[in-house]
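*Asks:* Right, I'll just put the structure down here and ask away after.
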Amino acid sequence: MSFQEAVEATPGVAGAYRPGLRALRAMDRDKVSADNPRNLAGSVDLDGALQAGMPDDPRWDYGVGANSAGEEKVFWVEVHPATEGEIEAVLAKLMWLKQWLQDSAVALDGFPREFVWISSGRTAITQRSPKLKRLALAGGVFKGGHLRIP
């Protein structure tokens, strides 16, 4: 199953698939790039698609599919302020995303994946932060202000 087919088969986000990075909001689009844009399998705005049905949930922002080494991989991308005080919020969003994938998005849950946090502005976190280490232990990766997809 392709990334696009998995998105279309997932309740709540069916119809939210967009080619390339088009699902990313304009203000976030320059925070993600691909070495080879032809390898992008598309994107989905999770936050926008699920807002009406889950208005109070700490929703993750985006999923970006990419072809890498002959297989599709999903980069789950959260664009969020990068301060020490916001790490807990991103961790809550990551826990929500993992649960949503397991419970409601089984087709998307089966892809190789990376959970990526990108700063929405200035970064005020030290790499030795104990909270940042907790995020890493939960499977999240902080990429600073930009994600480059190989």
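Convention: chains lettered A, B, ... in structure tokens order; per-chain residue numbering from 1; ligands numbered from 1 as shown.
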I need the residues in chain A that are strand (DSSP E) according to DSSP; give them as an MDAnalysis selection string.

*Replies:* chainID A and resid 17:18 32:34 40:45 62:68 71:83 113:124 140:142 147:149

*Asks:* Report as CSV: every residue of segment 99-124 of chain A with an atom at most 9 Å from segment 20-35 of chain A, its closest pair of atoms, and their distance in Å to one decimal, counting only C-alpha atoms, with rows sorted by chain and ascending residue number.

*Replies:*
residue,atom,partner,partner_atom,distance
A:Ile118,CA,A:Lys31,CA,7.4
A:Ser119,CA,A:Lys31,CA,8.5
A:Ser120,CA,A:Asp28,CA,7.7

*Asks:* Output N, CA, C and O atoms for every residue in the selection just made, as an mmCIF file, in the first residue's frame.

*Replies:*
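Dumped to out20.cif:
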data_model
loop_
_atom_site.group_PDB
_atom_site.id
_atom_site.type_symbol
_atom_site.label_atom_id
_atom_site.label_comp_id
_atom_site.auth_asym_id
_atom_site.auth_seq_id
_atom_site.Cartn_x
_atom_site.Cartn_y
_atom_site.Cartn_z
ATOM 1 N N ILE A 118 10.207 20.307 14.562
ATOM 2 C CA ILE A 118 10.913 21.419 13.950
ATOM 3 C C ILE A 118 10.493 22.692 14.665
ATOM 4 O O ILE A 118 9.304 22.925 14.899
ATOM 5 N N SER A 119 11.461 23.547 14.953
ATOM 6 C CA SER A 119 11.173 24.805 15.625
ATOM 7 C C SER A 119 10.385 25.741 14.708
ATOM 8 O O SER A 119 10.733 25.911 13.541
ATOM 9 N N SER A 120 9.359 26.367 15.248
ATOM 10 C CA SER A 120 8.582 27.325 14.465
ATOM 11 C C SER A 120 9.238 28.704 14.454
ATOM 12 O O SER A 120 8.808 29.598 13.732
#

*Asks:* Give the alpha helix (DSSP H) residues of segment 85-139 of chain A, as DSSP finds them on the backbone, and put them as a PyMOL selection string.

*Replies:* chain A and resi 87-104+106-109+130-137

*Asks:* With a distance cut-off of 8 Å and only C-alpha atoms, select the neighbouring residues of Thr83 of chain A, excluding the residue or stretch itself and same-chain residues fewer than 5 positions from it, and output the selection as a ChimeraX atom specification.

*Replies:* /A:123-125

*Asks:* Generate the output file for the selected residues, all heavy atoms, as a JSON list (two decimals), in the first residue's frame.

*Replies:*
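File written: out16.json
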[["chain", "number", "residue", "atom", "x", "y", "z"],
["A", 123, "THR", "N", 15.15, 28.97, 18.54],
["A", 123, "THR", "CA", 15.32, 27.80, 19.39],
["A", 123, "THR", "C", 15.98, 28.20, 20.71],
["A", 123, "THR", "O", 17.01, 28.86, 20.70],
["A", 123, "THR", "CB", 16.18, 26.74, 18.69],
["A", 123, "THR", "OG1", 15.50, 26.33, 17.50],
["A", 123, "THR", "CG2", 16.41, 25.53, 19.57],
["A", 124, "ALA", "N", 15.35, 27.81, 21.81],
["A", 124, "ALA", "CA", 15.90, 28.10, 23.14],
["A", 124, "ALA", "C", 15.92, 26.84, 23.98],
["A", 124, "ALA", "O", 15.33, 26.76, 25.05],
["A", 124, "ALA", "CB", 15.08, 29.19, 23.80],
["A", 125, "ILE", "N", 16.60, 25.81, 23.45],
["A", 125, "ILE", "CA", 16.73, 24.52, 24.14],
["A", 125, "ILE", "C", 18.19, 24.09, 24.05],
["A", 125, "ILE", "O", 18.80, 24.20, 23.00],
["A", 125, "ILE", "CB", 15.87, 23.43, 23.47],
["A", 125, "ILE", "CG1", 14.40, 23.79, 23.48],
["A", 125, "ILE", "CG2", 16.08, 22.08, 24.15],
["A", 125, "ILE", "CD1", 13.54, 22.82, 22.69]]

*Asks:* Would you kindly return, as a PyMOL selection string, each protein, DNA or RNA residue with an atom no farther than 9 Å from any atom of Glu114 of chain A, considering only C-alpha atoms and excluding same-chain residues fewer than 5 positions away?

*Replies:* chain A and resi 73-77+139-141

*Asks:* Smallest atom-to-atom distance to Ser2 of chain A: which of A:Gln51, A:Gln99, A:Asn67, A:Thr126, using only C-alpha atoms?

*Replies:*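 When distances to Ser2 of chain A are compared using only C-alpha atoms, the smallest one comes from A:Asn67.
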
*Asks:* Please identify all polymer residues within 10 Å of Trp117 of chain A, counting only C-alpha atoms, omitting same-chain residues fewer than 5 positions from it, and present them as a list in words.

*Replies:*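 Near Trp117 of chain A, the qualifying residues are Trp60, Asp61, Trp76, Val77, Glu78, Val79, His80, Pro81, Ala82, Ile87, Val90, Leu91, Leu94, Leu135, Gly140, Val141, Phe142, Lys143, Gly144, Gly145, His146 and Leu147 of chain A.
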
*Asks:* Name the residues in contact with Trp100 of chain A at a cut-off of 12 Å, using only C-alpha atoms, excluding same-chain residues fewer than 5 positions from it; report them as a PyMOL selection string.

*Replies:* chain A and resi 10-13+46+50+54+57-60+93-95+105-109
